[in-house]
Each structure stands twice: as structure tokens, then as C-alpha cells.
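Chemist: Sending over a structure as C-alpha cells; questions will come in a sec.
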Amino acid sequence: MKDNYRLSPFTTYITSAMTVAKVTIRQFAPKDHAIVCKIFKQGMKDNYRNLVVDALKLPASAGACVLAPAACAGLLHSRGVLTTGLGIAGTAVAAAVIPAAVAGWIWKLLADYTRYSLSDDLADVPKHYMQDKGNNFWVAELDGEVVGCVAIQARGEGKAELRRMSVKPGLRRAGVATQLAHTLIRFAHQQAYQEVYLTTTSSQRAAIALYTKLGWATTKVTQDSIASFHHLSLDVAAAVTKLSLK
């Protein structure tokens with residue numbers, strides 16, 4: 001297993017508001033487990049606001065946000081208290097109830113998913129990502145500190161899935177995710193994968209923009225009760241040529 005933890009030859013220089021340093025991409029080692037989980041949890045938490053904003057734009061939520069205070073106002077008007085302090089306060093409370101309920105619901109779902117992930121594949125990274133040669137898990141290191149991660153899992157028929165892409169706050173949009181993705185694409189090419197696909201929420205706008213820039217294309221968008229999901233696919237051979245990763 002020691003060979004699995006060798007340093008990757010692929011490095012790059014990144015620039016952020018704080019530092020200019022060399023980022024090294026290497027395979028996951030057991031010592032990385034705690035920081036990888038921390039980065040993942042922070043990424044989930046940071047997506048919360050965008051998820052709430054997007055959920056409130058859904059027809060059901062938007063309609064409820066309008067109808068709840070309107071219904072309250074109608075009731076209070078019928079009782080002759082609409083223009084009183086009590087009536088105004090009642091209408092305001094009705095207007096706040098739906099957004100607060102949506103936010104609380106999303107927070108619970110996000111917390112449940114985070115706990116599930118931490119107890120599933122992220123509980124044992126070597127088992128899920130490093131026992132089969134078609135899988136892998138990498139971390140990005142900056143000045144000896146792990147600042148990002150990404151994984152790939154084989155899905156059969158020449159396909160693989162990009163998973164667990166996450167970068168530490170403060171270093172996002174600084175080139176870390178790009179270098180992690182480049183490493184993953186090189187690996188996919190070496191493994192003769194034809195396609196690497198991924199799924200992410202529409203609230204991850206910066207991530208979708210990055211994936212698109214790297215060559216992923218949205219194949220479909222699906223909707224559930226709280227969010228829309230972008231399903232993206234990468235033609236590995238085309239991406240290797242486009243990004244000069246041979």
C-alpha cells in the first residue's frame with residue numbers, strides 16, 4: 001500500500017489574496033483523513049446559502065412566500081385588524097415563516113447528507129477509492145497543508161465518476177481545483193476511460209463554470225423538492241487534447 005502514497009509529479013503555482021506557492025497533488029494517505037473530512041464539511045456548509053436562495057425561487061416555495069402573507073392579510077382584514085399593529089405584525093410573521101421553514105428544512109437535509117457521506121465512503125477512503133486500480137483519491141498540498149481533494153470511481157463500460165471535489169475556503173478560484181481536475185483527467189486517460197461524469201447542484205455555480213471550462217458539458221438538469229441538479233459529462237480523450245495533458 002505504501003506505493004499508493006507517492007508524490008504526484010504534477011504541480012502548479014497558484015496565486016491567492018494571501019500567498020503564492022507551489023501546490024503538490026498526491027494520493028491520499030491515512031494521515032489526511034481528518035483534514036479531508038473537515039474540508040468536505042466546510043464545503044457543504046458554504047453551499048447552504050446558495051441552496052436556500054435557489055430553493056426559494058422554486059415555484060412551490062415562491063408561491064407559498066406570496067400566498068402565506070396574502071392569506072394572513074385577508075384573514076386579518078376580514079376581522080378588521082389589518083392596519084393595526086397586531087395586523088401588521090401578523091402579516092410580517094406570515095411572510096417570514098415560509099423562508100425560515102425552507103431554510104431549516106434544507107439545513108437538516110444538508111446535515112443528514114453530510115453525516116451519511118462521512119459514515120460511508122469518507123469513513124474509509126482506502127477501501128472505497130484505493131483498492132481497485134481504476135479508482136483513486138488525491139489531495140492538494142500547499143506548504144505541507146492539505147487544502148483540497150478529489151476522487152474518481154469506476155462505473156463500468158468505460159465510464160468513471162468524479163467525486164468529492166472540495167477546496168479549502170480562501171483558496172477557491174486560485175487554481176487548486178483546476179490542478180486536481182487535471183490530475184484526475186490524466187489518470188482517467190491512463191485507465192482508458194472514455195467518459196468521466198459528475199453531478200452537482202445548480203447552486204454550485206462557480207464549480208459548474210470551472211467544469212465547463214475544463215471540457216465537461218451538461219447533459220441534463222433534474223429537479224427534486226429542494227434543488228436542481230446538473231449532470232455533466234467529459235469526453236476524456238477530447239479533454240486531454242484540449243488541455244494538453246498528454
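By convention here, the chains of the C-alpha cells are called A, B, ... in the order presented, each chain's residues are numbered starting at 1, and ligands are numbered starting at 1 in the order presented.
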Residues of segment 135-235 of chain A classed as strand (DSSP E) by DSSP on the backbone are to be reported as an NGL selection string.
Modeler: :A and (136-142 or 145-156 or 159-167 or 195-201 or 217-223 or 228-235)
Chemist: May I have the residues within 9 Å of Leu245 of chain A as number ranges by chain, using only C-alpha atoms and disregarding those fewer than 3 positions away in the same chain?
Modeler: A: 182-183, 185-186, 239-242
Chemist: Go ahead and write the selection's residues with C-alpha atoms as a PDB file, in the first residue's frame.
Modeler:
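Below is the file again_33.pdb, written as the result:
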ATOM      1  CA  HIS A 182      -6.095  17.888 -14.419  1.00  0.00           C
ATOM      2  CA  THR A 183      -4.633  15.074 -12.320  1.00  0.00           C
ATOM      3  CA  ILE A 185      -8.238  13.613 -16.214  1.00  0.00           C
ATOM      4  CA  ARG A 186      -4.686  12.326 -16.750  1.00  0.00           C
ATOM      5  CA  ALA A 239     -10.173  16.947 -22.785  1.00  0.00           C
ATOM      6  CA  VAL A 240      -6.621  15.575 -22.798  1.00  0.00           C
ATOM      7  CA  THR A 241      -6.097  17.164 -26.209  1.00  0.00           C
ATOM      8  CA  LYS A 242      -7.811  20.433 -25.347  1.00  0.00           C
TER       9      LYS A 242
END
Chemist: Quick one: of A:Lys57, A:Arg115, A:Lys220, A:Lys159, who's nearest to Leu234 of chain A, counting only C-alpha atoms?
Modeler: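 Comparing A:Lys57, A:Arg115, A:Lys220, A:Lys159 against Leu234 of chain A, the winner is A:Lys159.
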Chemist: Please list as a count of residues only every residue within 12 Å of Lys108 of chain A, counting only C-alpha atoms and excluding residues in the same chain fewer than 5 positions away.
Modeler: 11
Chemist: Please produce, as a tab-separated table, a per-residue contact table for segment 111-173 of chain A versus segment 177-180 of chain A (criterion: any atom at most 10 Å away, only C-alpha atoms considered), showing the nearest atom pair and its distance in Å to one decimal, sorted by chain then residue number.
Modeler:
residue	atom	partner	partner_atom	distance
A:Phe137	CA	A:Leu180	CA	10.0
A:Trp138	CA	A:Leu180	CA	7.4
A:Val139	CA	A:Leu180	CA	7.7
A:Ala140	CA	A:Leu180	CA	7.0
A:Val147	CA	A:Ala177	CA	9.8
A:Gly148	CA	A:Ala177	CA	7.3
A:Cys149	CA	A:Leu180	CA	7.1
A:Val150	CA	A:Leu180	CA	6.5
A:Ala151	CA	A:Leu180	CA	9.1
A:Met165	CA	A:Ala177	CA	7.4
A:Ser166	CA	A:Ala177	CA	7.5
A:Val167	CA	A:Ala177	CA	6.7
A:Lys168	CA	A:Ala177	CA	10.0
A:Leu171	CA	A:Ala177	CA	9.2
A:Arg172	CA	A:Ala177	CA	7.4
A:Arg173	CA	A:Ala177	CA	7.6
Chemist: With C-alpha atoms retained, export the selected residues as a CSV table (one decimal), in the first residue's frame.
Modeler:
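Result file follows (selection-v5.csv):
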chain,number,residue,atom,x,y,z
A,137,PHE,CA,-8.3,9.8,-4.3
A,138,TRP,CA,-5.9,12.7,-4.4
A,139,VAL,CA,-5.2,15.6,-2.1
A,140,ALA,CA,-3.7,19.0,-2.9
A,147,VAL,CA,-6.1,22.3,1.1
A,148,GLY,CA,-8.2,20.3,-1.3
A,149,CYS,CA,-9.3,16.8,-2.6
A,150,VAL,CA,-10.9,14.9,-5.4
A,151,ALA,CA,-11.7,11.3,-6.2
A,165,MET,CA,-14.1,17.7,-5.2
A,166,SER,CA,-13.6,20.2,-2.4
A,167,VAL,CA,-11.2,23.1,-1.7
A,168,LYS,CA,-10.4,24.9,1.5
A,171,LEU,CA,-8.0,29.1,-1.8
A,172,ARG,CA,-11.0,28.6,-4.0
A,173,ARG,CA,-10.7,30.1,-7.5
Chemist: Could you pull out the helix (DSSP H, G or I) residues of segment 92-243 of chain A, going by DSSP on the backbone, and write them as a short mmCIF file (atom, residue, chain, number, x, y, z; two decimals) with N, CA, C and O atoms, in the first residue's frame?
Modeler:
data_model
loop_
_atom_site.label_atom_id
_atom_site.label_comp_id
_atom_site.auth_asym_id
_atom_site.auth_seq_id
_atom_site.Cartn_x
_atom_site.Cartn_y
_atom_site.Cartn_z
N ALA A 92 -46.32 40.27 8.77
CA ALA A 92 -44.86 40.16 8.69
C ALA A 92 -44.39 38.78 9.10
O ALA A 92 -43.49 38.19 8.49
N VAL A 93 -45.00 38.26 10.17
CA VAL A 93 -44.63 36.91 10.64
C VAL A 93 -44.96 35.88 9.56
O VAL A 93 -44.16 34.98 9.26
N ALA A 94 -46.12 36.01 8.93
CA ALA A 94 -46.51 35.08 7.88
C ALA A 94 -45.52 35.13 6.72
O ALA A 94 -45.20 34.11 6.11
N ALA A 95 -45.03 36.34 6.40
CA ALA A 95 -44.08 36.49 5.30
C ALA A 95 -42.74 35.85 5.62
O ALA A 95 -42.00 35.45 4.72
N ALA A 96 -42.41 35.74 6.92
CA ALA A 96 -41.11 35.19 7.31
C ALA A 96 -41.15 33.69 7.54
O ALA A 96 -40.10 33.02 7.49
N VAL A 97 -42.34 33.15 7.80
CA VAL A 97 -42.45 31.75 8.18
C VAL A 97 -41.98 30.81 7.08
O VAL A 97 -41.19 29.88 7.33
N ILE A 98 -42.42 31.02 5.84
CA ILE A 98 -42.07 30.10 4.76
C ILE A 98 -40.57 30.09 4.47
O ILE A 98 -39.96 29.00 4.42
N PRO A 99 -39.91 31.26 4.29
CA PRO A 99 -38.46 31.22 4.07
C PRO A 99 -37.71 30.54 5.21
O PRO A 99 -36.76 29.79 4.98
N ALA A 100 -38.15 30.81 6.46
CA ALA A 100 -37.48 30.19 7.60
C ALA A 100 -37.67 28.68 7.59
O ALA A 100 -36.74 27.92 7.90
N ALA A 101 -38.87 28.23 7.23
CA ALA A 101 -39.14 26.79 7.17
C ALA A 101 -38.30 26.13 6.09
O ALA A 101 -37.74 25.04 6.29
N VAL A 102 -38.20 26.77 4.92
CA VAL A 102 -37.39 26.24 3.82
C VAL A 102 -35.93 26.16 4.24
O VAL A 102 -35.25 25.14 4.02
N ALA A 103 -35.42 27.22 4.87
CA ALA A 103 -34.02 27.24 5.31
C ALA A 103 -33.75 26.14 6.33
O ALA A 103 -32.72 25.45 6.26
N GLY A 104 -34.65 25.96 7.26
CA GLY A 104 -34.47 24.91 8.26
C GLY A 104 -34.51 23.52 7.67
O GLY A 104 -33.74 22.63 8.06
N TRP A 105 -35.40 23.33 6.72
CA TRP A 105 -35.52 22.04 6.04
C TRP A 105 -34.25 21.70 5.28
O TRP A 105 -33.72 20.58 5.36
N ILE A 106 -33.73 22.68 4.55
CA ILE A 106 -32.51 22.45 3.78
C ILE A 106 -31.33 22.19 4.70
O ILE A 106 -30.48 21.33 4.42
N TRP A 107 -31.26 22.91 5.81
CA TRP A 107 -30.17 22.69 6.76
C TRP A 107 -30.18 21.25 7.27
O TRP A 107 -29.13 20.61 7.37
N LYS A 108 -31.37 20.73 7.57
CA LYS A 108 -31.47 19.36 8.05
C LYS A 108 -31.05 18.36 6.97
O LYS A 108 -30.30 17.41 7.24
N LEU A 109 -31.54 18.57 5.74
CA LEU A 109 -31.18 17.66 4.66
C LEU A 109 -29.68 17.69 4.39
O LEU A 109 -29.05 16.65 4.15
N LEU A 110 -29.09 18.88 4.44
CA LEU A 110 -27.66 19.03 4.22
C LEU A 110 -26.87 18.33 5.33
O LEU A 110 -25.87 17.65 5.07
N ALA A 111 -27.33 18.50 6.56
CA ALA A 111 -26.67 17.86 7.70
C ALA A 111 -26.78 16.34 7.59
O ALA A 111 -25.81 15.61 7.87
N ASP A 112 -27.95 15.86 7.18
CA ASP A 112 -28.14 14.41 7.02
C ASP A 112 -27.22 13.84 5.94
O ASP A 112 -26.62 12.78 6.12
N TYR A 113 -27.12 14.56 4.81
CA TYR A 113 -26.25 14.09 3.73
C TYR A 113 -24.79 14.11 4.16
O TYR A 113 -24.02 13.19 3.83
N THR A 114 -24.40 15.15 4.88
CA THR A 114 -23.02 15.25 5.36
C THR A 114 -22.68 14.09 6.28
O THR A 114 -21.63 13.45 6.14
N ARG A 115 -23.58 13.80 7.23
CA ARG A 115 -23.36 12.67 8.14
C ARG A 115 -23.29 11.35 7.38
O ARG A 115 -22.43 10.50 7.68
N TYR A 116 -24.17 11.18 6.40
CA TYR A 116 -24.15 9.95 5.61
C TYR A 116 -22.81 9.79 4.88
O TYR A 116 -22.21 8.72 4.90
N SER A 117 -22.35 10.85 4.24
CA SER A 117 -21.10 10.79 3.48
C SER A 117 -19.91 10.47 4.38
O SER A 117 -19.03 9.69 4.03
N LEU A 118 -19.89 11.09 5.56
CA LEU A 118 -18.79 10.87 6.50
C LEU A 118 -18.80 9.47 7.08
O LEU A 118 -17.76 8.97 7.52
N SER A 119 -19.97 8.82 7.08
CA SER A 119 -20.06 7.46 7.59
C SER A 119 -19.98 6.42 6.48
O SER A 119 -19.90 5.22 6.76
N ASP A 121 -18.38 6.47 2.28
CA ASP A 121 -17.08 6.37 1.61
C ASP A 121 -15.98 7.16 2.30
O ASP A 121 -14.83 6.74 2.33
N LEU A 122 -16.32 8.32 2.89
CA LEU A 122 -15.29 9.13 3.53
C LEU A 122 -14.84 8.55 4.87
O LEU A 122 -13.83 8.99 5.43
N ALA A 123 -15.57 7.57 5.37
CA ALA A 123 -15.15 6.91 6.61
C ALA A 123 -13.96 5.98 6.37
O ALA A 123 -13.19 5.69 7.28
N VAL A 125 -11.56 5.86 3.13
CA VAL A 125 -11.14 6.25 1.79
C VAL A 125 -10.35 5.15 1.08
O VAL A 125 -10.62 4.84 -0.09
N PRO A 126 -9.36 4.51 1.71
CA PRO A 126 -8.63 3.44 1.01
C PRO A 126 -9.53 2.33 0.51
O PRO A 126 -9.36 1.83 -0.60
N LYS A 127 -10.52 1.93 1.31
CA LYS A 127 -11.42 0.85 0.92
C LYS A 127 -12.23 1.22 -0.31
O LYS A 127 -12.40 0.40 -1.23
N HIS A 128 -12.74 2.46 -0.36
CA HIS A 128 -13.65 2.85 -1.44
C HIS A 128 -12.93 3.39 -2.68
O HIS A 128 -13.50 3.36 -3.77
N TYR A 129 -11.71 3.88 -2.51
CA TYR A 129 -11.07 4.57 -3.64
C TYR A 129 -9.68 4.08 -4.01
O TYR A 129 -9.14 4.53 -5.02
N VAL A 176 -6.44 25.54 -7.40
CA VAL A 176 -6.32 24.23 -6.74
C VAL A 176 -7.24 23.20 -7.40
O VAL A 176 -6.83 22.09 -7.74
N ALA A 177 -8.51 23.56 -7.57
CA ALA A 177 -9.47 22.64 -8.17
C ALA A 177 -9.08 22.29 -9.61
O ALA A 177 -9.26 21.15 -10.05
N THR A 178 -8.55 23.26 -10.32
CA THR A 178 -8.12 23.00 -11.71
C THR A 178 -7.02 21.95 -11.74
O THR A 178 -7.06 21.02 -12.55
N GLN A 179 -6.04 22.09 -10.86
CA GLN A 179 -4.95 21.12 -10.85
C GLN A 179 -5.41 19.74 -10.39
O GLN A 179 -4.97 18.71 -10.91
N LEU A 180 -6.32 19.71 -9.43
CA LEU A 180 -6.90 18.42 -9.03
C LEU A 180 -7.62 17.77 -10.20
O LEU A 180 -7.49 16.57 -10.45
N ALA A 181 -8.39 18.57 -10.94
CA ALA A 181 -9.12 18.05 -12.10
C ALA A 181 -8.16 17.57 -13.18
O ALA A 181 -8.39 16.53 -13.81
N HIS A 182 -7.08 18.31 -13.42
CA HIS A 182 -6.09 17.89 -14.42
C HIS A 182 -5.51 16.52 -14.06
O HIS A 182 -5.33 15.65 -14.92
N THR A 183 -5.19 16.35 -12.77
CA THR A 183 -4.63 15.07 -12.32
C THR A 183 -5.63 13.95 -12.54
O THR A 183 -5.27 12.86 -13.00
N LEU A 184 -6.89 14.21 -12.23
CA LEU A 184 -7.93 13.21 -12.43
C LEU A 184 -8.10 12.86 -13.90
O LEU A 184 -8.24 11.68 -14.27
N ILE A 185 -8.07 13.86 -14.77
CA ILE A 185 -8.24 13.61 -16.21
C ILE A 185 -7.06 12.80 -16.76
O ILE A 185 -7.25 11.87 -17.57
N ARG A 186 -5.85 13.12 -16.33
CA ARG A 186 -4.69 12.33 -16.75
C ARG A 186 -4.86 10.86 -16.33
O ARG A 186 -4.60 9.93 -17.11
N PHE A 187 -5.29 10.67 -15.10
CA PHE A 187 -5.49 9.31 -14.59
C PHE A 187 -6.56 8.60 -15.41
O PHE A 187 -6.41 7.42 -15.76
N ALA A 188 -7.65 9.29 -15.69
CA ALA A 188 -8.74 8.70 -16.47
C ALA A 188 -8.25 8.28 -17.85
O ALA A 188 -8.62 7.21 -18.37
N HIS A 189 -7.39 9.10 -18.45
CA HIS A 189 -6.83 8.78 -19.76
C HIS A 189 -5.93 7.54 -19.66
O HIS A 189 -5.99 6.64 -20.52
N GLN A 190 -5.12 7.47 -18.60
CA GLN A 190 -4.24 6.32 -18.40
C GLN A 190 -5.03 5.03 -18.20
O GLN A 190 -4.60 3.94 -18.59
N ARG A 205 -22.49 27.27 -8.62
CA ARG A 205 -22.28 27.98 -9.89
C ARG A 205 -20.81 28.09 -10.29
O ARG A 205 -20.45 27.92 -11.45
N ALA A 206 -19.94 28.39 -9.33
CA ALA A 206 -18.51 28.52 -9.65
C ALA A 206 -17.94 27.17 -10.09
O ALA A 206 -17.13 27.10 -11.02
N ALA A 207 -18.37 26.10 -9.43
CA ALA A 207 -17.88 24.77 -9.79
C ALA A 207 -18.34 24.38 -11.20
O ALA A 207 -17.55 23.86 -11.99
N ILE A 208 -19.60 24.66 -11.51
CA ILE A 208 -20.12 24.33 -12.85
C ILE A 208 -19.36 25.11 -13.91
O ILE A 208 -19.03 24.57 -14.98
N ALA A 209 -19.06 26.37 -13.63
CA ALA A 209 -18.29 27.19 -14.58
C ALA A 209 -16.90 26.60 -14.80
O ALA A 209 -16.40 26.55 -15.94
N LEU A 210 -16.27 26.14 -13.73
CA LEU A 210 -14.94 25.53 -13.85
C LEU A 210 -15.00 24.25 -14.65
O LEU A 210 -14.20 24.03 -15.57
N TYR A 211 -15.95 23.38 -14.33
CA TYR A 211 -16.06 22.12 -15.06
C TYR A 211 -16.31 22.37 -16.55
O TYR A 211 -15.73 21.69 -17.40
N THR A 212 -17.14 23.34 -16.84
CA THR A 212 -17.42 23.66 -18.24
C THR A 212 -16.17 24.14 -18.95
O THR A 212 -15.89 23.76 -20.09
N LYS A 213 -15.39 24.96 -18.28
CA LYS A 213 -14.14 25.47 -18.85
C LYS A 213 -13.17 24.32 -19.14
O LYS A 213 -12.42 24.35 -20.13
N LEU A 214 -13.19 23.31 -18.30
CA LEU A 214 -12.27 22.18 -18.45
C LEU A 214 -12.74 21.17 -19.50
O LEU A 214 -11.98 20.27 -19.86
N VAL A 236 -13.03 12.19 -22.26
CA VAL A 236 -11.66 12.19 -21.73
C VAL A 236 -10.63 12.47 -22.80
O VAL A 236 -9.73 13.31 -22.64
N ALA A 237 -10.71 11.78 -23.92
CA ALA A 237 -9.72 11.99 -24.99
C ALA A 237 -9.72 13.41 -25.49
O ALA A 237 -8.66 14.01 -25.70
N ALA A 238 -10.90 13.97 -25.67
CA ALA A 238 -11.01 15.35 -26.15
C ALA A 238 -10.44 16.33 -25.13
O ALA A 238 -9.78 17.30 -25.47
N ALA A 239 -10.68 16.05 -23.83
CA ALA A 239 -10.17 16.95 -22.79
C ALA A 239 -8.65 16.89 -22.69
O ALA A 239 -8.00 17.94 -22.50
N VAL A 240 -8.09 15.72 -22.84
CA VAL A 240 -6.62 15.58 -22.80
C VAL A 240 -5.98 16.41 -23.91
O VAL A 240 -4.97 17.09 -23.71
N THR A 241 -6.60 16.38 -25.09
CA THR A 241 -6.10 17.16 -26.21
C THR A 241 -6.30 18.65 -25.98
O THR A 241 -5.39 19.46 -26.15
N LYS A 242 -7.49 19.03 -25.57
CA LYS A 242 -7.81 20.43 -25.35
C LYS A 242 -6.93 21.08 -24.29
O LYS A 242 -6.46 22.21 -24.46
#
Chemist: Work out how far apart atom CA of Asn50 of chain A and atom CA of Glu141 of chain A are and give it in Å to one decimal.
Modeler: 27.7 Å
Chemist: Quick one: pull the distance between atom CA of Val36 of chain A and atom CA of Val23 of chain A, Å, one decimal.
Modeler: 16.0 Å
Chemist: Looking at only C-alpha atoms, which of A:Asp235, A:Asp224, A:Ile35, A:Ala174 is the one that sits closest to Glu195 of chain A?
Modeler: A:Asp235
Chemist: Using only C-alpha atoms, determine which residues lie at most 8 Å from Thr200 of chain A, disregarding the query and same-chain residues fewer than 4 positions distant; provide the list as a ChimeraX atom specification.
Modeler: /A:204,208,229-231
Chemist: Produce a file of the selected residues containing C-alpha atoms, as an mmCIF file, in the first residue's frame.
Modeler:
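Contents of part_13.cif, freshly written:
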data_model
loop_
_atom_site.group_PDB
_atom_site.id
_atom_site.type_symbol
_atom_site.label_atom_id
_atom_site.label_comp_id
_atom_site.auth_asym_id
_atom_site.auth_seq_id
_atom_site.Cartn_x
_atom_site.Cartn_y
_atom_site.Cartn_z
ATOM 1 C CA GLN A 204 -22.574 25.345 -7.194
ATOM 2 C CA ILE A 208 -20.120 24.335 -12.848
ATOM 3 C CA PHE A 229 -29.012 19.065 -10.293
ATOM 4 C CA HIS A 230 -26.615 19.438 -13.210
ATOM 5 C CA HIS A 231 -25.387 16.187 -14.727
#
Chemist: Quote the spacing between atom CA of Gln27 of chain A and atom CA of Asp143 of chain A in Å to one decimal place.
Modeler: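 These two atoms are separated by 16.1 Å.
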